[in-house]
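Each remark here refers to the structure printed beneath this line.
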Amino acid sequence: MKSSVYVDNNATTAVAPEVTEAILPYFTEHWGNPSSMHNFGGSVKRSIDAAREKVAALIGAEHPNEIIFTSCGSESDNMAIRGAVDAIGGHPHLITTRVEHAAVLGPCHYLEDKGFRLSTLEVDEKGNLDLEKLREKSMSGKKTVASVMWANNETGVIFPIPEIGTIVKEGGGIFHTDAVQIAGKLPISVRNIPVDLLSISGHKLHAPKGIGALYARRGTKITPHIMGGHQERGRRAGTENVPYIVGLGKACELAMERMEKDAQHERNLRDRLEAGVLATCKGARINGDLESRLPNTTNISFEYVEGEAIILMLDDVGICASTGSACASGSLEPSHVLRAMDVPRSMLHGSIRFSLSRYNTEEDIDDVLEKLPVIIKRLRELSPFAND
Ligand code: PLP
């Protein structure tokens, strides 16, 4: 079998060689405890501080101390939502959207079960929000905690976070955004945008799995969910994962250096892929707002075929793609994001997400374009519903 063509980068990315190189000495030489008083530990603490500055720079945070290192994007999301709710006290009104990742919907539904009021905003067929509805909910008179993602992991659709943050703040609420899929792909800056809390995840931007960060604007109160030592200024106890923190810092630095070039490269490949698929596969359509999308992501529905069958047949010929969120795959339920967008029934089960990275090549795309139409044609011939 040909070596894999990996077009599933919203699920996870390859660790950049520069990142691996930066990490290794923290296993072999610099393995001190950053909380130690001696210089062997102190030098490691300085490496953490340097990484914190790089993460802060990627998202335009004013101060590195606004960055809290976590274990993953899911932890950052949980920490933001539950930490803000606990810190506010009482029963704030929660606002989110139907298309969030499970790492946001999970804590929101948990709190709803505990008696909190939860408003879940709908999206239209392009995956966009009705900002007037958000305004209405944000002005409900109660203190609110709103969590709205910056870019969708399944469709790549980008929400207008500056406007959304402004609306939430006008209503006096706390605003969290899950920036896991946009960080490192497009420029974002919290400096001039009213965001209180923002999540990122290392393994989506060429750092390893098992490291993430939460931005908490100065003055934003969050109750820690891991209590113990004074690490992360008392906001998350536990001896730091030094090698991966250094790796995340390096990945953020690389992303900043290469962002424009990488984004253009991914956009060119994505456009070539979409044009080729639409020209060769009957009954294909692209889901999501084409004007406001991540450059690396396309979500394509194929009428009257099963997405899981497409994925398995692509896998057989060495192509790794997905039907949507890696967390939801394994269940045969159609994607909650596409259902929220009212994707027609005949298209709902046959959706594939292709997500690219700086390491993809034109040859990768041509390989997909050679094999995918044959697979779709074969599956259509087997489908009892297809009439072509
Ligand atoms: N939020 C979004 C939008 C994601 O796509 C993901 C992962 O797919 C997460 C959160 C969770 O991140 P992690 O895998 O680091 O826990």
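Letters for chains follow the order of the structure tokens (A, B, ...), residue numbers begin at 1 for each chain, and ligand numbers begin at 1 in the order shown.
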
Query - Residues flagged helix (DSSP H, G or I) by DSSP in region 200-371 of chain A, as a PyMOL selection string - result: chain A and resi 202-204+231-234+242-280+307-316+336-340+345-348+362-371

Could I get the residues of chain A with an atom no further than 6 Å from an atom of ligand 1, each paired with its nearest atom pair and that distance in Å to one decimal, using only C-alpha atoms and all ligand atoms, sorted by chain and residue number, as a Markdown table?
| residue | atom | partner | partner_atom_place_in_ligand_line | distance |
| --- | --- | --- | --- | --- |
| A:Ala11 | CA | ligand 1 | 8 (O) | 5.4 |
| A:Cys72 | CA | ligand 1 | 15 (O) | 3.8 |
| A:Gly73 | CA | ligand 1 | 15 (O) | 3.6 |
| A:Ser74 | CA | ligand 1 | 16 (O) | 3.7 |
| A:His101 | CA | ligand 1 | 1 (N) | 5.1 |
| A:Ala103 | CA | ligand 1 | 10 (C) | 5.5 |
| A:Asn152 | CA | ligand 1 | 3 (C) | 5.9 |
| A:Asn153 | CA | ligand 1 | 5 (O) | 4.6 |
| A:Asp178 | CA | ligand 1 | 1 (N) | 5.9 |
| A:Val180 | CA | ligand 1 | 2 (C) | 5.0 |
| A:Gln181 | CA | ligand 1 | 3 (C) | 5.4 |
| A:Ser201 | CA | ligand 1 | 15 (O) | 4.6 |

Residues just named, written with all heavy atoms as a PDB file, in the first residue's frame:
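Output saved as selection.pdb:
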ATOM      1  N   ALA A  11      -8.070  16.885  13.026  1.00  0.00           N
ATOM      2  CA  ALA A  11      -8.090  15.878  14.101  1.00  0.00           C
ATOM      3  C   ALA A  11      -6.791  15.961  14.890  1.00  0.00           C
ATOM      4  O   ALA A  11      -6.802  16.036  16.121  1.00  0.00           O
ATOM      5  CB  ALA A  11      -8.266  14.476  13.521  1.00  0.00           C
ATOM      6  N   CYS A  72      -4.689  20.124  27.453  1.00  0.00           N
ATOM      7  CA  CYS A  72      -5.308  19.987  26.115  1.00  0.00           C
ATOM      8  C   CYS A  72      -6.377  21.058  25.926  1.00  0.00           C
ATOM      9  O   CYS A  72      -6.721  21.776  26.879  1.00  0.00           O
ATOM     10  CB  CYS A  72      -5.935  18.593  25.951  1.00  0.00           C
ATOM     11  SG  CYS A  72      -7.203  18.203  27.176  1.00  0.00           S
ATOM     12  N   GLY A  73      -6.919  21.107  24.715  1.00  0.00           N
ATOM     13  CA  GLY A  73      -7.990  22.058  24.439  1.00  0.00           C
ATOM     14  C   GLY A  73      -9.230  21.776  25.269  1.00  0.00           C
ATOM     15  O   GLY A  73      -9.906  22.695  25.739  1.00  0.00           O
ATOM     16  N   SER A  74      -9.536  20.498  25.466  1.00  0.00           N
ATOM     17  CA  SER A  74     -10.734  20.150  26.251  1.00  0.00           C
ATOM     18  C   SER A  74     -10.606  20.670  27.681  1.00  0.00           C
ATOM     19  O   SER A  74     -11.573  21.193  28.246  1.00  0.00           O
ATOM     20  CB  SER A  74     -10.923  18.631  26.295  1.00  0.00           C
ATOM     21  OG  SER A  74     -11.093  18.127  25.000  1.00  0.00           O
ATOM     22  N   HIS A 101     -17.761  22.291  19.829  1.00  0.00           N
ATOM     23  CA  HIS A 101     -17.120  20.991  20.081  1.00  0.00           C
ATOM     24  C   HIS A 101     -17.680  20.420  21.386  1.00  0.00           C
ATOM     25  O   HIS A 101     -18.130  21.152  22.274  1.00  0.00           O
ATOM     26  CB  HIS A 101     -15.612  21.214  20.205  1.00  0.00           C
ATOM     27  CG  HIS A 101     -14.808  19.958  20.245  1.00  0.00           C
ATOM     28  ND1 HIS A 101     -14.550  19.282  21.416  1.00  0.00           N
ATOM     29  CD2 HIS A 101     -14.210  19.245  19.253  1.00  0.00           C
ATOM     30  CE1 HIS A 101     -13.815  18.219  21.139  1.00  0.00           C
ATOM     31  NE2 HIS A 101     -13.607  18.168  19.833  1.00  0.00           N
ATOM     32  N   ALA A 103     -16.197  19.468  23.860  1.00  0.00           N
ATOM     33  CA  ALA A 103     -15.484  19.976  25.043  1.00  0.00           C
ATOM     34  C   ALA A 103     -16.136  21.231  25.612  1.00  0.00           C
ATOM     35  O   ALA A 103     -15.869  21.605  26.755  1.00  0.00           O
ATOM     36  CB  ALA A 103     -14.025  20.260  24.688  1.00  0.00           C
ATOM     37  N   ASN A 152     -15.063  26.616  13.302  1.00  0.00           N
ATOM     38  CA  ASN A 152     -15.657  25.289  13.495  1.00  0.00           C
ATOM     39  C   ASN A 152     -14.724  24.185  13.000  1.00  0.00           C
ATOM     40  O   ASN A 152     -14.187  24.261  11.892  1.00  0.00           O
ATOM     41  CB  ASN A 152     -17.007  25.217  12.769  1.00  0.00           C
ATOM     42  CG  ASN A 152     -17.747  23.964  13.145  1.00  0.00           C
ATOM     43  OD1 ASN A 152     -17.530  22.897  12.555  1.00  0.00           O
ATOM     44  ND2 ASN A 152     -18.594  24.065  14.151  1.00  0.00           N
ATOM     45  N   ASN A 153     -14.593  23.142  13.813  1.00  0.00           N
ATOM     46  CA  ASN A 153     -13.671  22.051  13.482  1.00  0.00           C
ATOM     47  C   ASN A 153     -14.164  21.206  12.315  1.00  0.00           C
ATOM     48  O   ASN A 153     -13.365  20.591  11.613  1.00  0.00           O
ATOM     49  CB  ASN A 153     -13.425  21.159  14.710  1.00  0.00           C
ATOM     50  CG  ASN A 153     -14.685  20.794  15.448  1.00  0.00           C
ATOM     51  OD1 ASN A 153     -15.442  21.672  15.867  1.00  0.00           O
ATOM     52  ND2 ASN A 153     -14.932  19.519  15.605  1.00  0.00           N
ATOM     53  N   ASP A 178     -13.501  29.284  22.014  1.00  0.00           N
ATOM     54  CA  ASP A 178     -12.685  28.115  21.732  1.00  0.00           C
ATOM     55  C   ASP A 178     -11.969  28.406  20.408  1.00  0.00           C
ATOM     56  O   ASP A 178     -12.583  28.373  19.344  1.00  0.00           O
ATOM     57  CB  ASP A 178     -13.617  26.899  21.616  1.00  0.00           C
ATOM     58  CG  ASP A 178     -12.884  25.631  21.213  1.00  0.00           C
ATOM     59  OD1 ASP A 178     -11.800  25.732  20.620  1.00  0.00           O
ATOM     60  OD2 ASP A 178     -13.420  24.537  21.475  1.00  0.00           O
ATOM     61  N   VAL A 180      -9.353  26.731  19.310  1.00  0.00           N
ATOM     62  CA  VAL A 180      -8.498  25.556  19.055  1.00  0.00           C
ATOM     63  C   VAL A 180      -8.195  25.395  17.567  1.00  0.00           C
ATOM     64  O   VAL A 180      -7.081  25.059  17.192  1.00  0.00           O
ATOM     65  CB  VAL A 180      -9.161  24.293  19.657  1.00  0.00           C
ATOM     66  CG1 VAL A 180      -8.574  23.013  19.071  1.00  0.00           C
ATOM     67  CG2 VAL A 180      -9.017  24.295  21.175  1.00  0.00           C
ATOM     68  N   GLN A 181      -9.188  25.621  16.705  1.00  0.00           N
ATOM     69  CA  GLN A 181      -8.953  25.366  15.277  1.00  0.00           C
ATOM     70  C   GLN A 181      -8.388  26.553  14.517  1.00  0.00           C
ATOM     71  O   GLN A 181      -7.862  26.380  13.423  1.00  0.00           O
ATOM     72  CB  GLN A 181     -10.243  24.880  14.595  1.00  0.00           C
ATOM     73  CG  GLN A 181     -10.662  23.481  15.014  1.00  0.00           C
ATOM     74  CD  GLN A 181      -9.703  22.374  14.544  1.00  0.00           C
ATOM     75  OE1 GLN A 181      -8.818  22.587  13.713  1.00  0.00           O
ATOM     76  NE2 GLN A 181      -9.860  21.182  15.112  1.00  0.00           N
ATOM     77  N   SER A 201      -5.019  24.485  21.675  1.00  0.00           N
ATOM     78  CA  SER A 201      -4.569  23.097  21.861  1.00  0.00           C
ATOM     79  C   SER A 201      -3.308  22.873  21.026  1.00  0.00           C
ATOM     80  O   SER A 201      -3.289  23.193  19.827  1.00  0.00           O
ATOM     81  CB  SER A 201      -5.680  22.157  21.388  1.00  0.00           C
ATOM     82  OG  SER A 201      -5.189  20.842  21.298  1.00  0.00           O
TER      83      SER A 201
END

Report task. For Ala14 (chain A), please output as number ranges by chain all residues within 10 Å (counting only C-alpha atoms; exclusion window: fewer than 4 positions along the same chain). Result -> A: 6, 9, 203-209, 357-359

Save the residues we just selected, all heavy atoms, as an mmCIF file, in the first residue's frame?
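This is the output file out.cif:
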data_model
loop_
_atom_site.group_PDB
_atom_site.id
_atom_site.type_symbol
_atom_site.label_atom_id
_atom_site.label_comp_id
_atom_site.auth_asym_id
_atom_site.auth_seq_id
_atom_site.Cartn_x
_atom_site.Cartn_y
_atom_site.Cartn_z
ATOM 1 N N TYR A 6 -2.149 12.138 4.333
ATOM 2 C CA TYR A 6 -2.849 12.542 5.560
ATOM 3 C C TYR A 6 -3.554 13.874 5.331
ATOM 4 O O TYR A 6 -2.902 14.916 5.202
ATOM 5 C CB TYR A 6 -1.848 12.636 6.718
ATOM 6 C CG TYR A 6 -2.532 12.879 8.045
ATOM 7 C CD1 TYR A 6 -3.072 11.830 8.770
ATOM 8 C CD2 TYR A 6 -2.660 14.173 8.550
ATOM 9 C CE1 TYR A 6 -3.726 12.058 9.974
ATOM 10 C CE2 TYR A 6 -3.307 14.402 9.745
ATOM 11 C CZ TYR A 6 -3.830 13.332 10.452
ATOM 12 O OH TYR A 6 -4.486 13.562 11.643
ATOM 13 N N ASN A 9 -6.008 16.967 9.274
ATOM 14 C CA ASN A 9 -5.224 17.782 10.208
ATOM 15 C C ASN A 9 -6.051 18.542 11.243
ATOM 16 O O ASN A 9 -5.477 19.089 12.174
ATOM 17 C CB ASN A 9 -4.332 18.754 9.425
ATOM 18 C CG ASN A 9 -3.182 18.026 8.757
ATOM 19 O OD1 ASN A 9 -2.169 17.738 9.393
ATOM 20 N ND2 ASN A 9 -3.352 17.685 7.484
ATOM 21 N N HIS A 203 -1.785 20.116 19.838
ATOM 22 C CA HIS A 203 -1.671 19.134 18.757
ATOM 23 C C HIS A 203 -2.398 19.533 17.485
ATOM 24 O O HIS A 203 -2.335 18.824 16.478
ATOM 25 C CB HIS A 203 -2.080 17.735 19.227
ATOM 26 C CG HIS A 203 -3.548 17.518 19.432
ATOM 27 N ND1 HIS A 203 -4.292 16.737 18.580
ATOM 28 C CD2 HIS A 203 -4.395 17.945 20.383
ATOM 29 C CE1 HIS A 203 -5.546 16.695 19.014
ATOM 30 N NE2 HIS A 203 -5.633 17.414 20.104
ATOM 31 N N LYS A 204 -3.094 20.675 17.515
ATOM 32 C CA LYS A 204 -3.709 21.170 16.274
ATOM 33 C C LYS A 204 -2.753 22.095 15.525
ATOM 34 O O LYS A 204 -3.063 22.556 14.441
ATOM 35 C CB LYS A 204 -5.010 21.918 16.576
ATOM 36 C CG LYS A 204 -5.978 21.194 17.491
ATOM 37 C CD LYS A 204 -6.601 19.963 16.871
ATOM 38 C CE LYS A 204 -7.660 19.394 17.824
ATOM 39 N NZ LYS A 204 -8.303 18.218 17.277
ATOM 40 N N LEU A 205 -1.618 22.452 16.162
ATOM 41 C CA LEU A 205 -0.693 23.351 15.470
ATOM 42 C C LEU A 205 0.748 22.847 15.515
ATOM 43 O O LEU A 205 1.675 23.619 15.703
ATOM 44 C CB LEU A 205 -0.833 24.799 15.980
ATOM 45 C CG LEU A 205 -0.570 25.159 17.430
ATOM 46 C CD1 LEU A 205 0.331 26.365 17.518
ATOM 47 C CD2 LEU A 205 -1.848 25.441 18.164
ATOM 48 N N HIS A 206 0.882 21.541 15.348
ATOM 49 C CA HIS A 206 2.201 20.914 15.179
ATOM 50 C C HIS A 206 3.028 20.853 16.457
ATOM 51 O O HIS A 206 4.250 20.764 16.394
ATOM 52 C CB HIS A 206 2.978 21.564 14.020
ATOM 53 C CG HIS A 206 2.238 21.512 12.715
ATOM 54 N ND1 HIS A 206 2.064 20.329 12.028
ATOM 55 C CD2 HIS A 206 1.579 22.468 12.002
ATOM 56 C CE1 HIS A 206 1.361 20.588 10.926
ATOM 57 N NE2 HIS A 206 1.047 21.875 10.899
ATOM 58 N N ALA A 207 2.371 20.933 17.625
ATOM 59 C CA ALA A 207 3.003 20.587 18.904
ATOM 60 C C ALA A 207 2.445 19.208 19.283
ATOM 61 O O ALA A 207 1.523 18.707 18.625
ATOM 62 C CB ALA A 207 2.672 21.642 19.955
ATOM 63 N N PRO A 208 2.961 18.566 20.342
ATOM 64 C CA PRO A 208 2.431 17.232 20.668
ATOM 65 C C PRO A 208 1.031 17.266 21.278
ATOM 66 O O PRO A 208 0.553 18.311 21.714
ATOM 67 C CB PRO A 208 3.416 16.709 21.729
ATOM 68 C CG PRO A 208 4.559 17.636 21.741
ATOM 69 C CD PRO A 208 4.092 18.941 21.192
ATOM 70 N N LYS A 209 0.410 16.099 21.320
ATOM 71 C CA LYS A 209 -0.837 15.911 22.072
ATOM 72 C C LYS A 209 -0.502 15.956 23.561
ATOM 73 O O LYS A 209 0.570 15.492 23.960
ATOM 74 C CB LYS A 209 -1.458 14.555 21.747
ATOM 75 C CG LYS A 209 -1.929 14.460 20.301
ATOM 76 C CD LYS A 209 -2.165 13.028 19.907
ATOM 77 C CE LYS A 209 -1.500 12.598 18.629
ATOM 78 N NZ LYS A 209 -0.907 13.523 17.717
ATOM 79 N N SER A 357 -2.539 20.692 5.981
ATOM 80 C CA SER A 357 -1.512 21.360 6.788
ATOM 81 C C SER A 357 -0.385 21.817 5.878
ATOM 82 O O SER A 357 -0.381 21.525 4.671
ATOM 83 C CB SER A 357 -0.957 20.429 7.866
ATOM 84 O OG SER A 357 0.071 19.610 7.305
ATOM 85 N N ARG A 358 0.607 22.469 6.475
ATOM 86 C CA ARG A 358 1.758 22.955 5.701
ATOM 87 C C ARG A 358 2.503 21.813 5.020
ATOM 88 O O ARG A 358 3.227 22.022 4.061
ATOM 89 C CB ARG A 358 2.721 23.728 6.614
ATOM 90 C CG ARG A 358 3.369 22.897 7.706
ATOM 91 C CD ARG A 358 4.432 23.709 8.473
ATOM 92 N NE ARG A 358 3.831 24.664 9.377
ATOM 93 C CZ ARG A 358 4.117 24.739 10.690
ATOM 94 N NH1 ARG A 358 4.990 23.918 11.239
ATOM 95 N NH2 ARG A 358 3.523 25.644 11.437
ATOM 96 N N TYR A 359 2.321 20.590 5.508
ATOM 97 C CA TYR A 359 3.082 19.462 4.961
ATOM 98 C C TYR A 359 2.390 18.783 3.772
ATOM 99 O O TYR A 359 2.964 17.888 3.163
ATOM 100 C CB TYR A 359 3.363 18.426 6.056
ATOM 101 C CG TYR A 359 4.165 19.002 7.203
ATOM 102 C CD1 TYR A 359 3.698 18.961 8.502
ATOM 103 C CD2 TYR A 359 5.390 19.618 6.963
ATOM 104 C CE1 TYR A 359 4.430 19.506 9.550
ATOM 105 C CE2 TYR A 359 6.130 20.184 8.007
ATOM 106 C CZ TYR A 359 5.646 20.115 9.289
ATOM 107 O OH TYR A 359 6.360 20.668 10.314
#

Shell around Val148 (chain A) at 10 Å using only C-alpha atoms, local window under 6 positions removed, as a PDB file with N, CA and C atoms, in the first residue's frame:
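The resulting file, around.pdb, is shown below:
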ATOM      1  N   ILE A  95     -24.616  30.784  27.750  1.00  0.00           N
ATOM      2  CA  ILE A  95     -24.990  30.900  26.325  1.00  0.00           C
ATOM      3  C   ILE A  95     -23.935  30.183  25.504  1.00  0.00           C
ATOM      4  N   THR A  96     -24.384  29.346  24.578  1.00  0.00           N
ATOM      5  CA  THR A  96     -23.444  28.719  23.649  1.00  0.00           C
ATOM      6  C   THR A  96     -24.153  28.499  22.312  1.00  0.00           C
ATOM      7  N   THR A  97     -23.546  27.695  21.427  1.00  0.00           N
ATOM      8  CA  THR A  97     -24.168  27.464  20.120  1.00  0.00           C
ATOM      9  C   THR A  97     -24.292  25.963  19.882  1.00  0.00           C
ATOM     10  N   ARG A  98     -25.125  25.623  18.906  1.00  0.00           N
ATOM     11  CA  ARG A  98     -25.360  24.197  18.610  1.00  0.00           C
ATOM     12  C   ARG A  98     -24.169  23.518  17.959  1.00  0.00           C
ATOM     13  N   VAL A  99     -23.224  24.312  17.468  1.00  0.00           N
ATOM     14  CA  VAL A  99     -22.165  23.710  16.645  1.00  0.00           C
ATOM     15  C   VAL A  99     -20.821  23.624  17.371  1.00  0.00           C
ATOM     16  N   GLU A 100     -20.842  23.859  18.702  1.00  0.00           N
ATOM     17  CA  GLU A 100     -19.582  23.800  19.457  1.00  0.00           C
ATOM     18  C   GLU A 100     -19.046  22.378  19.495  1.00  0.00           C
ATOM     19  N   HIS A 101     -17.761  22.291  19.829  1.00  0.00           N
ATOM     20  CA  HIS A 101     -17.120  20.991  20.081  1.00  0.00           C
ATOM     21  C   HIS A 101     -17.680  20.420  21.386  1.00  0.00           C
ATOM     22  N   VAL A 104     -16.989  21.892  24.813  1.00  0.00           N
ATOM     23  CA  VAL A 104     -17.783  23.033  25.306  1.00  0.00           C
ATOM     24  C   VAL A 104     -19.201  22.568  25.642  1.00  0.00           C
ATOM     25  N   LEU A 121     -27.662  28.704  20.875  1.00  0.00           N
ATOM     26  CA  LEU A 121     -28.047  29.449  19.671  1.00  0.00           C
ATOM     27  C   LEU A 121     -27.992  28.566  18.431  1.00  0.00           C
ATOM     28  N   LEU A 129     -24.317  32.440  12.746  1.00  0.00           N
ATOM     29  CA  LEU A 129     -25.190  32.744  13.891  1.00  0.00           C
ATOM     30  C   LEU A 129     -26.040  33.971  13.616  1.00  0.00           C
ATOM     31  N   PHE A 159     -16.659  32.311  13.003  1.00  0.00           N
ATOM     32  CA  PHE A 159     -17.648  33.230  13.576  1.00  0.00           C
ATOM     33  C   PHE A 159     -17.013  34.614  13.764  1.00  0.00           C
ATOM     34  N   PRO A 160     -17.851  35.681  13.677  1.00  0.00           N
ATOM     35  CA  PRO A 160     -17.308  37.047  13.843  1.00  0.00           C
ATOM     36  C   PRO A 160     -17.078  37.356  15.331  1.00  0.00           C
ATOM     37  N   ILE A 161     -15.966  36.868  15.843  1.00  0.00           N
ATOM     38  CA  ILE A 161     -15.705  36.954  17.286  1.00  0.00           C
ATOM     39  C   ILE A 161     -15.618  38.403  17.798  1.00  0.00           C
ATOM     40  N   ILE A 164     -19.217  39.367  18.286  1.00  0.00           N
ATOM     41  CA  ILE A 164     -19.840  38.520  19.302  1.00  0.00           C
ATOM     42  C   ILE A 164     -19.350  38.931  20.694  1.00  0.00           C
ATOM     43  N   GLY A 165     -18.042  39.139  20.824  1.00  0.00           N
ATOM     44  CA  GLY A 165     -17.485  39.569  22.114  1.00  0.00           C
ATOM     45  C   GLY A 165     -18.063  40.902  22.547  1.00  0.00           C
ATOM     46  N   PHE A 175     -16.924  36.393  28.395  1.00  0.00           N
ATOM     47  CA  PHE A 175     -16.914  35.792  27.066  1.00  0.00           C
ATOM     48  C   PHE A 175     -15.718  34.868  26.877  1.00  0.00           C
ATOM     49  N   HIS A 176     -16.022  33.598  26.577  1.00  0.00           N
ATOM     50  CA  HIS A 176     -14.993  32.605  26.259  1.00  0.00           C
ATOM     51  C   HIS A 176     -15.109  32.208  24.795  1.00  0.00           C
ATOM     52  N   THR A 177     -13.962  32.078  24.128  1.00  0.00           N
ATOM     53  CA  THR A 177     -13.991  31.525  22.776  1.00  0.00           C
ATOM     54  C   THR A 177     -13.027  30.349  22.662  1.00  0.00           C
ATOM     55  N   ASP A 178     -13.501  29.284  22.014  1.00  0.00           N
ATOM     56  CA  ASP A 178     -12.685  28.115  21.732  1.00  0.00           C
ATOM     57  C   ASP A 178     -11.969  28.406  20.408  1.00  0.00           C
ATOM     58  N   ALA A 179     -10.675  28.721  20.530  1.00  0.00           N
ATOM     59  CA  ALA A 179      -9.897  29.097  19.335  1.00  0.00           C
ATOM     60  C   ALA A 179      -8.993  27.945  18.894  1.00  0.00           C
ATOM     61  N   LEU A 198      -9.818  32.327  26.315  1.00  0.00           N
ATOM     62  CA  LEU A 198      -9.639  31.742  24.975  1.00  0.00           C
ATOM     63  C   LEU A 198      -8.820  30.457  25.099  1.00  0.00           C
TER      64      LEU A 198
END

Would you write out, as JSON lines, a table of all residues in region 291-369 of chain A that have an atom no more than 12 Å from an atom of region 375-379 of chain A, listing for each the closest atom pair and the distance in Å to one decimal, considering only C-alpha atoms and ordering rows by chain and rising residue number?
{"residue": "A:Ser301", "atom": "CA", "partner": "A:Ile376", "partner_atom": "CA", "distance": 10.9}
{"residue": "A:Phe302", "atom": "CA", "partner": "A:Ile376", "partner_atom": "CA", "distance": 7.7}
{"residue": "A:Glu303", "atom": "CA", "partner": "A:Ile376", "partner_atom": "CA", "distance": 9.4}
{"residue": "A:Tyr304", "atom": "CA", "partner": "A:Leu379", "partner_atom": "CA", "distance": 8.7}
{"residue": "A:Val305", "atom": "CA", "partner": "A:Leu379", "partner_atom": "CA", "distance": 6.3}
{"residue": "A:Glu306", "atom": "CA", "partner": "A:Leu379", "partner_atom": "CA", "distance": 8.2}
{"residue": "A:Gly307", "atom": "CA", "partner": "A:Ile376", "partner_atom": "CA", "distance": 10.0}
{"residue": "A:Glu308", "atom": "CA", "partner": "A:Leu379", "partner_atom": "CA", "distance": 11.2}
{"residue": "A:Ala309", "atom": "CA", "partner": "A:Leu379", "partner_atom": "CA", "distance": 7.9}
{"residue": "A:Ile310", "atom": "CA", "partner": "A:Ile375", "partner_atom": "CA", "distance": 6.8}
{"residue": "A:Ile311", "atom": "CA", "partner": "A:Ile375", "partner_atom": "CA", "distance": 9.8}
{"residue": "A:Leu312", "atom": "CA", "partner": "A:Ile375", "partner_atom": "CA", "distance": 10.1}
{"residue": "A:Met313", "atom": "CA", "partner": "A:Ile375", "partner_atom": "CA", "distance": 6.9}
{"residue": "A:Leu314", "atom": "CA", "partner": "A:Ile375", "partner_atom": "CA", "distance": 7.7}
{"residue": "A:Asp315", "atom": "CA", "partner": "A:Ile375", "partner_atom": "CA", "distance": 11.1}
{"residue": "A:Asp316", "atom": "CA", "partner": "A:Ile375", "partner_atom": "CA", "distance": 10.6}
{"residue": "A:Val317", "atom": "CA", "partner": "A:Ile375", "partner_atom": "CA", "distance": 10.1}
{"residue": "A:Ile319", "atom": "CA", "partner": "A:Ile375", "partner_atom": "CA", "distance": 11.9}
{"residue": "A:Gly350", "atom": "CA", "partner": "A:Ile376", "partner_atom": "CA", "distance": 9.9}
{"residue": "A:Ser351", "atom": "CA", "partner": "A:Ile376", "partner_atom": "CA", "distance": 11.6}
{"residue": "A:Ile352", "atom": "CA", "partner": "A:Ile376", "partner_atom": "CA", "distance": 11.6}
{"residue": "A:Val368", "atom": "CA", "partner": "A:Ile375", "partner_atom": "CA", "distance": 10.3}
{"residue": "A:Leu369", "atom": "CA", "partner": "A:Ile375", "partner_atom": "CA", "distance": 10.5}

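Nearest to Arg217 (chain A) of all the residues A:Lys371, A:Lys137, A:His336, A:Arg191 is A:Arg191, counting only C-alpha atoms.
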
Query - Per-residue DSSP, region 117-292 of chain A, filtered to strand (DSSP E), as a list of chain:residue names - result: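 Selecting the strand (DSSP E) positions of region 117-292 of chain A gives A:Leu118, A:Ser119, A:Thr120, A:Leu121, A:Thr144, A:Val145, A:Ala146, A:Ser147, A:Ile174, A:Phe175, A:His176, A:Thr177, A:Asp178, A:Leu197, A:Leu198, A:Ser199, A:Ile200, A:Ser201, A:Gly212, A:Ala213, A:Leu214, A:Tyr215, A:Ala216, A:Ala284, A:Arg285, A:Ile286.
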
Query - Long-range neighbours of region 253-264 of chain A as an MDAnalysis selection string, 12 Å cut-off, only C-alpha atoms, 4 positions minimum in chain - result: chainID A and resid 15:19 22 50:60 182:189 202 204:207 246:249 268:271 293:297 356:361

Query - Nearby residues (only C-alpha atoms) at most 12 Å from Asp196 (chain A), same-chain spacing under 3 positions excluded, as JSON, numbers by chain - result: {"A": [61, 66, 67, 80, 81, 84, 145, 146, 147, 148, 161, 162, 165, 166, 168, 169, 172, 173, 174, 175, 176, 177, 178, 190, 191, 192, 193, 199, 214, 215, 216, 217, 218, 219, 220, 221, 222]}

Query - Distance in Å - CA of Asn10 (chain A) versus CA of Ile158 (chain A) - result: 14.2 Å

Query raised in the report: Which residues, written as a PyMOL selection string, have at least one atom at most 12 Å from Val343 (chain A), with only C-alpha atoms counted and residues fewer than 6 positions away on the same chain left out?
Result: chain A and resi 123-127+285-288+299-303+334-337+349-351

Query raised in the report: Separation of CA of Thr13 (chain A) and CA of His109 (chain A), in Å?
Result: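 We find that CA of Thr13 (chain A) and CA of His109 (chain A) lie 29.0 Å from each other.
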
Report task. Calculate how many Å separate CA of Ile48 (chain A) from CA of Gln231 (chain A), rounding to one decimal. Result ->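 Result for CA of Ile48 (chain A) versus CA of Gln231 (chain A): 11.3 Å, one decimal.
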